[in-house]
file input.pdb (PDB, C-alpha atoms)
MODEL        1
ATOM      1  CA  MET A   1       0.000   0.000   0.000
ATOM      2  CA  SER A   2       1.407   3.357  -1.030
ATOM      3  CA  VAL A   3       1.582   6.496   1.096
ATOM      4  CA  ILE A   4      -1.221   8.115  -0.933
ATOM      5  CA  ASP A   5      -3.563   5.190  -0.210
ATOM      6  CA  ILE A   6      -2.775   5.356   3.502
ATOM      7  CA  LEU A   7      -3.423   9.126   3.609
ATOM      8  CA  THR A   8      -6.667   8.689   1.676
ATOM      9  CA  ARG A   9      -7.933   6.058   4.096
ATOM     10  CA  VAL A  10      -6.897   8.107   7.115
ATOM     11  CA  ASP A  11      -8.690  11.135   5.669
ATOM     12  CA  SER A  12     -11.895   9.143   5.088
ATOM     13  CA  ILE A  13     -11.776   7.796   8.663
ATOM     14  CA  CYS A  14     -11.266  11.302  10.031
ATOM     15  CA  LYS A  15     -14.269  12.570   8.071
ATOM     16  CA  LYS A  16     -16.343   9.681   9.392
ATOM     17  CA  TYR A  17     -15.585  10.605  12.992
ATOM     18  CA  ASP A  18     -15.782  14.382  12.557
ATOM     19  CA  LYS A  19     -18.849  14.506  14.772
ATOM     20  CA  TYR A  20     -16.727  13.279  17.703
ATOM     21  CA  ASP A  21     -14.069  15.937  17.170
ATOM     22  CA  VAL A  22     -13.436  18.470  19.920
ATOM     23  CA  VAL A  23     -13.163  21.535  17.730
ATOM     24  CA  PRO A  24     -16.605  21.637  16.036
ATOM     25  CA  LYS A  25     -18.476  20.419  19.112
ATOM     26  CA  ASP A  26     -20.103  23.720  19.929
ATOM     27  CA  SER A  27     -20.971  26.074  17.091
ATOM     28  CA  ASN A  28     -21.301  29.050  19.397
ATOM     29  CA  VAL A  29     -17.838  28.455  20.818
ATOM     30  CA  SER A  30     -16.314  27.988  17.360
ATOM     31  CA  GLY A  31     -17.728  31.274  16.182
ATOM     32  CA  ASP A  32     -15.851  33.202  18.888
ATOM     33  CA  ASP A  33     -12.855  30.850  19.243
ATOM     34  CA  ALA A  34      -9.717  31.906  17.377
ATOM     35  CA  PHE A  35      -8.227  28.428  17.772
ATOM     36  CA  ALA A  36     -11.212  26.783  16.110
ATOM     37  CA  ARG A  37     -11.125  29.170  13.159
ATOM     38  CA  LEU A  38      -7.373  28.825  12.641
ATOM     39  CA  TYR A  39      -7.436  25.048  13.072
ATOM     40  CA  ALA A  40     -10.284  24.751  10.554
ATOM     41  CA  SER A  41      -8.264  26.831   8.091
ATOM     42  CA  VAL A  42      -5.201  24.619   8.609
ATOM     43  CA  GLU A  43      -7.319  21.487   8.113
ATOM     44  CA  SER A  44      -8.672  22.926   4.874
ATOM     45  CA  ASP A  45      -5.156  23.679   3.633
ATOM     46  CA  ILE A  46      -4.003  20.165   4.546
ATOM     47  CA  GLU A  47      -6.945  18.724   2.623
ATOM     48  CA  SER A  48      -6.058  20.885  -0.379
ATOM     49  CA  ALA A  49      -2.396  19.844  -0.207
ATOM     50  CA  LEU A  50      -3.362  16.151  -0.086
ATOM     51  CA  GLN A  51      -5.542  16.582  -3.143
ATOM     52  CA  LYS A  52      -2.685  18.293  -4.985
ATOM     53  CA  ALA A  53      -0.336  15.478  -3.960
ATOM     54  CA  GLU A  54      -2.769  12.930  -5.363
ATOM     55  CA  THR A  55      -2.995  14.954  -8.584
ATOM     56  CA  ALA A  56       0.803  15.039  -8.812
ATOM     57  CA  SER A  57       1.005  11.271  -8.342
ATOM     58  CA  ASN A  58      -1.329  10.754 -11.308
ATOM     59  CA  GLU A  59       0.277  13.418 -13.503
ATOM     60  CA  LYS A  60       2.601  12.162 -16.261
ATOM     61  CA  ASN A  61       4.007  15.534 -17.313
ATOM     62  CA  ARG A  62       7.191  16.101 -15.318
ATOM     63  CA  ALA A  63       7.015  19.888 -15.592
ATOM     64  CA  SER A  64       3.487  19.894 -14.144
ATOM     65  CA  VAL A  65       4.564  17.525 -11.361
ATOM     66  CA  VAL A  66       7.452  19.824 -10.418
ATOM     67  CA  ALA A  67       5.125  22.860 -10.354
ATOM     68  CA  ILE A  68       2.526  21.059  -8.204
ATOM     69  CA  ASN A  69       5.184  19.798  -5.781
ATOM     70  CA  ALA A  70       6.595  23.308  -5.454
ATOM     71  CA  GLU A  71       3.134  24.620  -4.590
ATOM     72  CA  ILE A  72       2.683  21.825  -2.027
ATOM     73  CA  ARG A  73       5.987  22.754  -0.401
ATOM     74  CA  ARG A  74       4.871  26.379  -0.144
ATOM     75  CA  ILE A  75       1.620  25.280   1.486
ATOM     76  CA  LYS A  76       3.516  23.084   3.949
ATOM     77  CA  ALA A  77       5.863  25.935   4.871
ATOM     78  CA  ARG A  78       2.899  28.241   5.471
ATOM     79  CA  LEU A  79       1.161  25.603   7.595
ATOM     80  CA  LEU A  80       4.272  25.032   9.700
ATOM     81  CA  GLU A  81       4.328  28.763  10.400
ATOM     82  CA  GLU A  82       0.780  28.510  11.759
ATOM     83  CA  VAL A  83       1.667  25.743  14.258
ATOM     84  CA  PRO A  84       3.226  28.088  16.889
ATOM     85  CA  LYS A  85       0.094  30.261  16.752
ATOM     86  CA  LEU A  86      -2.080  27.213  17.328
ATOM     87  CA  GLN A  87       0.153  26.170  20.231
ATOM     88  CA  ARG A  88      -0.343  29.546  21.896
ATOM     89  CA  LEU A  89      -4.096  29.493  21.273
ATOM     90  CA  ALA A  90      -4.478  25.880  22.485
ATOM     91  CA  VAL A  91      -3.376  26.709  26.045
ATOM     92  CA  LYS A  92      -5.744  29.656  26.351
ATOM     93  CA  LYS A  93      -8.881  29.004  28.327
ATOM     94  CA  VAL A  94     -12.112  29.445  26.422
ATOM     95  CA  LYS A  95     -15.546  29.734  27.974
ATOM     96  CA  GLY A  96     -17.516  26.553  27.521
ATOM     97  CA  LEU A  97     -14.513  24.215  27.130
ATOM     98  CA  SER A  98     -13.471  21.716  29.773
ATOM     99  CA  THR A  99      -9.946  20.741  30.767
ATOM    100  CA  GLU A 100     -10.183  17.502  28.789
ATOM    101  CA  GLU A 101     -11.110  19.441  25.662
ATOM    102  CA  LEU A 102      -8.182  21.816  26.132
ATOM    103  CA  THR A 103      -5.892  18.810  26.527
ATOM    104  CA  ALA A 104      -7.316  17.307  23.356
ATOM    105  CA  ARG A 105      -6.621  20.576  21.543
ATOM    106  CA  ASN A 106      -3.015  20.436  22.651
ATOM    107  CA  ASP A 107      -2.749  16.869  21.364
ATOM    108  CA  LEU A 108      -4.184  17.932  17.999
ATOM    109  CA  VAL A 109      -1.620  20.708  17.692
ATOM    110  CA  LEU A 110       1.249  18.375  18.641
ATOM    111  CA  ALA A 111       0.195  15.982  15.888
ATOM    112  CA  LEU A 112       0.002  18.708  13.244
ATOM    113  CA  PRO A 113       3.740  18.923  12.339
ATOM    114  CA  ASP A 114       3.884  15.195  11.580
ATOM    115  CA  ARG A 115       0.710  15.401   9.519
ATOM    116  CA  ILE A 116       2.074  18.340   7.546
ATOM    117  CA  GLN A 117       5.462  16.727   6.972
ATOM    118  CA  SER A 118       3.796  13.490   5.818
ATOM    119  CA  ILE A 119       2.182  15.250   2.845
ATOM    120  CA  PRO A 120       4.051  14.053  -0.271
ATOM    121  CA  ASP A 121       5.813  16.893  -2.072
ATOM    122  CA  GLY A 122       8.267  15.086  -4.321
ATOM    123  CA  SER A 123      11.194  15.481  -1.922
ATOM    124  CA  PRO A 124      12.682  12.651   0.154
ATOM    125  CA  PRO A 125      11.288  12.501   3.711
ATOM    126  CA  PRO A 126      13.568  13.888   6.455
ATOM    127  CA  PRO A 127      15.366  11.292   8.578
ATOM    128  CA  LYS A 128      13.678  10.628  11.892
ATOM    129  CA  THR A 129      15.805  10.533  15.038
ATOM    130  CA  SER A 130      15.292   8.191  17.955
ATOM    131  CA  GLY A 131      16.345   8.552  21.535
ATOM    132  CA  GLY A 132      15.953  12.319  21.907
ATOM    133  CA  TRP A 133      18.187  15.022  20.453
ATOM    134  CA  GLY A 134      21.323  12.905  20.507
ATOM    135  CA  GLY A 135      19.789   9.853  18.860
ATOM    136  CA  THR A 136      20.857   8.507  15.511
ATOM    137  CA  SER A 137      18.583   8.026  12.547
ATOM    138  CA  ALA A 138      17.492   4.479  11.921
ATOM    139  CA  PRO A 139      17.889   3.022   8.436
ATOM    140  CA  ARG A 140      14.747   3.118   6.325
ATOM    141  CA  THR A 141      14.749  -0.003   4.185
ATOM    142  CA  GLU A 142      11.208   0.623   2.942
ATOM    143  CA  LEU A 143      12.220   3.699   0.936
ATOM    144  CA  LYS A 144      11.917   3.266  -2.825
ATOM    145  CA  PHE A 145      12.981   5.414  -5.731
ATOM    146  CA  ASP A 146      10.646   6.312  -8.558
ATOM    147  CA  SER A 147      13.249   5.027 -10.992
ATOM    148  CA  ASP A 148      13.115   1.502  -9.456
ATOM    149  CA  GLY A 149      16.892   1.479  -9.283
ATOM    150  CA  ARG A 150      17.396   2.509 -12.898
ATOM    151  CA  PHE A 151      19.947   5.299 -13.108
ATOM    152  CA  ASP A 152      21.174   4.703 -16.655
ATOM    153  CA  ASN A 153      21.226   7.337 -19.374
ATOM    154  CA  GLU A 154      18.144   5.864 -21.037
ATOM    155  CA  TYR A 155      15.958   6.688 -18.047
ATOM    156  CA  PHE A 156      17.061  10.331 -17.971
ATOM    157  CA  GLN A 157      16.743  10.983 -21.691
ATOM    158  CA  GLN A 158      14.978  14.216 -22.655
ATOM    159  CA  THR A 159      11.505  14.004 -24.105
ATOM    160  CA  GLU A 160      10.377  15.923 -27.168
ATOM    161  CA  GLU A 161       8.445  18.377 -25.010
ATOM    162  CA  SER A 162      11.425  19.031 -22.742
ATOM    163  CA  SER A 163      13.671  19.463 -25.796
ATOM    164  CA  GLN A 164      11.281  22.018 -27.301
ATOM    165  CA  TYR A 165      11.081  23.820 -23.981
ATOM    166  CA  ARG A 166      14.887  23.838 -23.781
ATOM    167  CA  GLN A 167      15.220  25.200 -27.321
ATOM    168  CA  GLU A 168      12.646  27.906 -26.682
ATOM    169  CA  TYR A 169      14.456  28.850 -23.477
ATOM    170  CA  GLU A 170      17.805  29.085 -25.283
ATOM    171  CA  MET A 171      16.271  31.197 -28.097
ATOM    172  CA  ARG A 172      14.670  33.602 -25.645
ATOM    173  CA  LYS A 173      17.910  33.839 -23.706
ATOM    174  CA  MET A 174      19.826  34.569 -26.914
ATOM    175  CA  LYS A 175      17.341  37.300 -27.886
ATOM    176  CA  GLN A 176      17.624  38.847 -24.445
ATOM    177  CA  ASP A 177      21.429  38.823 -24.710
ATOM    178  CA  GLN A 178      21.255  40.500 -28.118
ATOM    179  CA  GLY A 179      18.870  43.133 -26.786
ATOM    180  CA  LEU A 180      21.167  43.786 -23.828
ATOM    181  CA  ASP A 181      24.141  44.151 -26.194
ATOM    182  CA  VAL A 182      22.239  46.726 -28.269
ATOM    183  CA  ILE A 183      21.265  48.626 -25.133
ATOM    184  CA  ALA A 184      24.861  48.555 -23.877
ATOM    185  CA  GLU A 185      26.129  49.838 -27.229
ATOM    186  CA  GLY A 186      23.556  52.640 -27.227
ATOM    187  CA  LEU A 187      24.483  53.614 -23.680
ATOM    188  CA  GLY A 188      28.150  53.729 -24.669
ATOM    189  CA  THR A 189      27.339  56.022 -27.606
ATOM    190  CA  LEU A 190      25.290  58.309 -25.367
ATOM    191  CA  LYS A 191      28.128  58.411 -22.871
ATOM    192  CA  ASN A 192      30.614  59.487 -25.556
ATOM    193  CA  MET A 193      28.202  62.137 -26.872
ATOM    194  CA  ALA A 194      27.679  63.511 -23.381
ATOM    195  CA  HIS A 195      31.438  63.647 -22.838
ATOM    196  CA  ASP A 196      31.969  65.535 -26.114
ATOM    197  CA  MET A 197      29.147  67.972 -25.290
ATOM    198  CA  ASN A 198      30.662  68.632 -21.896
ATOM    199  CA  GLU A 199      34.049  69.411 -23.423
ATOM    200  CA  GLU A 200      32.475  71.701 -26.024
ATOM    201  CA  LEU A 201      30.551  73.573 -23.333
ATOM    202  CA  ASP A 202      33.751  74.019 -21.356
ATOM    203  CA  ARG A 203      35.371  75.594 -24.446
ATOM    204  CA  GLN A 204      32.374  77.848 -25.118
ATOM    205  CA  VAL A 205      32.117  79.257 -21.581
ATOM    206  CA  PRO A 206      34.942  81.888 -22.000
ATOM    207  CA  LEU A 207      33.518  82.988 -25.356
ATOM    208  CA  VAL A 208      30.041  83.384 -23.887
ATOM    209  CA  ASP A 209      31.435  85.425 -21.002
ATOM    210  CA  GLU A 210      33.303  87.711 -23.430
ATOM    211  CA  ILE A 211      30.172  88.177 -25.558
ATOM    212  CA  ASP A 212      28.164  89.058 -22.449
ATOM    213  CA  SER A 213      30.700  91.734 -21.447
ATOM    214  CA  LYS A 214      30.731  93.203 -24.974
ATOM    215  CA  VAL A 215      26.936  93.269 -25.115
ATOM    216  CA  ASP A 216      26.788  95.070 -21.764
ATOM    217  CA  LYS A 217      29.312  97.636 -23.001
ATOM    218  CA  ALA A 218      27.416  98.169 -26.279
ATOM    219  CA  THR A 219      24.165  98.597 -24.367
ATOM    220  CA  SER A 220      25.728 101.247 -22.139
ATOM    221  CA  ASP A 221      27.164 103.125 -25.157
ATOM    222  CA  LEU A 222      23.807 103.006 -26.926
ATOM    223  CA  LYS A 223      22.039 104.494 -23.934
ATOM    224  CA  ASN A 224      24.552 107.340 -23.729
ATOM    225  CA  THR A 225      24.217 107.999 -27.483
ATOM    226  CA  ASN A 226      20.436 108.111 -27.197
ATOM    227  CA  VAL A 227      20.640 110.646 -24.387
ATOM    228  CA  ARG A 228      22.947 112.928 -26.387
ATOM    229  CA  LEU A 229      20.824 112.596 -29.537
ATOM    230  CA  LYS A 230      17.697 113.545 -27.628
ATOM    231  CA  GLU A 231      19.349 116.688 -26.284
ATOM    232  CA  THR A 232      20.492 117.680 -29.786
ATOM    233  CA  VAL A 233      17.011 117.193 -31.251
ATOM    234  CA  ASP A 234      15.477 119.290 -28.515
ATOM    235  CA  GLN A 235      17.891 122.110 -29.239
ATOM    236  CA  LEU A 236      17.167 121.987 -33.004
ATOM    237  CA  ARG A 237      13.451 122.049 -32.389
ATOM    238  CA  SER A 238      13.646 125.138 -30.187
ATOM    239  CA  SER A 239      15.700 127.251 -32.737
ATOM    240  CA  ARG A 240      13.598 126.143 -35.706
ATOM    241  CA  ASN A 241      10.385 127.035 -33.972
ATOM    242  CA  PHE A 242      11.668 130.581 -33.332
ATOM    243  CA  CYS A 243      12.437 131.113 -37.028
ATOM    244  CA  ILE A 244       9.054 129.774 -38.082
ATOM    245  CA  ASP A 245       7.305 132.077 -35.660
ATOM    246  CA  ILE A 246       9.097 135.172 -37.120
ATOM    247  CA  ILE A 247       8.226 134.162 -40.700
ATOM    248  CA  LEU A 248       4.559 133.615 -39.849
ATOM    249  CA  LEU A 249       4.431 136.988 -38.096
ATOM    250  CA  CYS A 250       5.847 138.770 -41.191
ATOM    251  CA  VAL A 251       3.294 137.018 -43.436
ATOM    252  CA  ILE A 252       0.444 138.066 -41.201
ATOM    253  CA  LEU A 253       1.667 141.683 -41.158
ATOM    254  CA  GLY A 254       1.954 141.710 -44.961
ATOM    255  CA  ILE A 255      -1.622 140.404 -45.366
ATOM    256  CA  ALA A 256      -2.893 142.977 -42.918
ATOM    257  CA  ALA A 257      -1.149 145.844 -44.843
ATOM    258  CA  TYR A 258      -2.556 144.599 -48.138
ATOM    259  CA  LEU A 259      -6.099 144.517 -46.769
ATOM    260  CA  TYR A 260      -5.681 147.979 -45.297
ATOM    261  CA  ASN A 261      -4.591 149.469 -48.653
ATOM    262  CA  VAL A 262      -7.451 147.780 -50.474
ATOM    263  CA  LEU A 263     -10.069 149.019 -48.052
ATOM    264  CA  LYS A 264      -8.582 152.518 -48.001
ATOM    265  CA  LYS A 265      -9.038 152.941 -51.769
TER     266      LYS A 265
ENDMDL
END

call {"tool": "encode", "arguments": {"input": "input.pdb", "output": "structure tokens"}}
result
Amino acid sequence: MSVIDILTRVDSICKKYDKYDVVPKDSNVSGDDAFARLYASVESDIESALQKAETASNEKNRASVVAINAEIRRIKARLLEEVPKLQRLAVKKVKGLSTEELTARNDLVLALPDRIQSIPDGSPPPPKTSGGWGGTSAPRTELKFDSDGRFDNEYFQQTEESSQYRQEYEMRKMKQDQGLDVIAEGLGTLKNMAHDMNEELDRQVPLVDEIDSKVDKATSDLKNTNVRLKETVDQLRSSRNFCIDIILLCVILGIAAYLYNVLKK
């Protein structure tokens, strides 16, 4: 009998005797009991992991088996992290639970690590020690390899699907390398351009400073010239207006004399 068959039978027996379990005995207690909620969640995850393990055992695609086993290992790691929380919650007194029920909770939590570790995940089971911390691991003669002892080259030959996957991987890797080379070349060109621009700017700075000083000087000279030109124009306007006034006065006097002579005759 394989490990999967044993786990399946144990799971069916546990479901059969669920009504005698300590955790779901009182629905009102479970609703307010953090231990009951967390333990139910852990049980659900264990059930899901067992189903995935059974799926992996029936799967023929090696890539899918590796992916499923990796997911099972993640679930097991997450469940093992929940065990210390359950240990802390199991010793807390809850209203409506007797001492025997609290003891049974502690026993359930103590059995959880072994149940989690027994879930098949494609990796060899850890060696079990006997006789406390200093004990030595006993030999496990019942362990069997999936290859049935065949380690020749024929057993590990690549399939057509794995070969196609390998070729696609190599092509994508080659394209990525080519893209990175193009990017590196472009970055090198930009670096050289930036260096040349920096040198050119350094050469242009003295010229720009000289142009600025000459522009400031020309601006000052232009302002002074404008001031002098304005004064000259004002002077010309004043003398010309005086001459025009004298001429207009003579014309008016001449017209007045002409009209006087005409009217006198």

call {"tool": "atom_distance", "arguments": {"input": "input.pdb", "atom1": "atom CA of A:Ser57", "atom2": "atom CA of A:Leu38"}}
result
28.6 Å

call {"tool": "resolve_selection", "arguments": {"input": "input.pdb", "expression": "the PyMOL selection byres ((chain A and resi 113) around 12)", "output": "list in words"}}
result
Val42, Ile46, Lys76, Ala77, Arg78, Leu79, Leu80, Glu81, Glu82, Val83, Pro84, Leu86, Gln87, Asp107, Leu108, Val109, Leu110, Ala111, Leu112, Asp114, Arg115, Ile116, Gln117, Ser118 and Ile119 of chain A

call {"tool": "axis_aligned_box", "arguments": {"input": "input.pdb", "around": "stretch 77-95 of chain A", "padding_each_side": "4 Å", "output": "lines of an AutoDock Vina configuration file"}}
result
center_x = -4.8
center_y = 27.6
center_z = 16.6
size_x = 29.4
size_y = 13.2
size_z = 31.5

call {"tool": "atom_distance", "arguments": {"input": "input.pdb", "atom1": "atom CA of A:Ser64", "atom2": "atom CA of A:Glu161"}}
result
12.0 Å

call {"tool": "atom_distance", "arguments": {"input": "input.pdb", "atom1": "atom CA of A:Pro120", "atom2": "atom CA of A:Ser12"}}
result
17.5 Å

call {"tool": "residues_around", "arguments": {"input": "input.pdb", "residues": "A:Thr55", "least_positions_apart": "5", "cutoff": "12 Å", "atoms": "only C-alpha atoms", "output": "VMD selection string"}}
result
chain A and resid 4 48 to 50 60 to 61 64 to 69 72 120 to 121

call {"tool": "residues_around", "arguments": {"input": "input.pdb", "residues": "A:Ala34", "least_positions_apart": "5", "cutoff": "10 Å", "atoms": "all atoms listed in the file", "output": "ChimeraX atom specification"}}
result
/A:29,39-40,85-86,89-90,94

call {"tool": "write_last_selection", "arguments": {"input": "input.pdb", "atoms": "C-alpha atoms", "output": "PDB file, in the frame of the given file"}}
result
ATOM      1  CA  VAL A  29     -17.838  28.455  20.818  1.00  0.00           C
ATOM      2  CA  TYR A  39      -7.436  25.048  13.072  1.00  0.00           C
ATOM      3  CA  ALA A  40     -10.284  24.751  10.554  1.00  0.00           C
ATOM      4  CA  LYS A  85       0.094  30.261  16.752  1.00  0.00           C
ATOM      5  CA  LEU A  86      -2.080  27.213  17.328  1.00  0.00           C
ATOM      6  CA  LEU A  89      -4.096  29.493  21.273  1.00  0.00           C
ATOM      7  CA  ALA A  90      -4.478  25.880  22.485  1.00  0.00           C
ATOM      8  CA  VAL A  94     -12.112  29.445  26.422  1.00  0.00           C
TER       9      VAL A  94
END
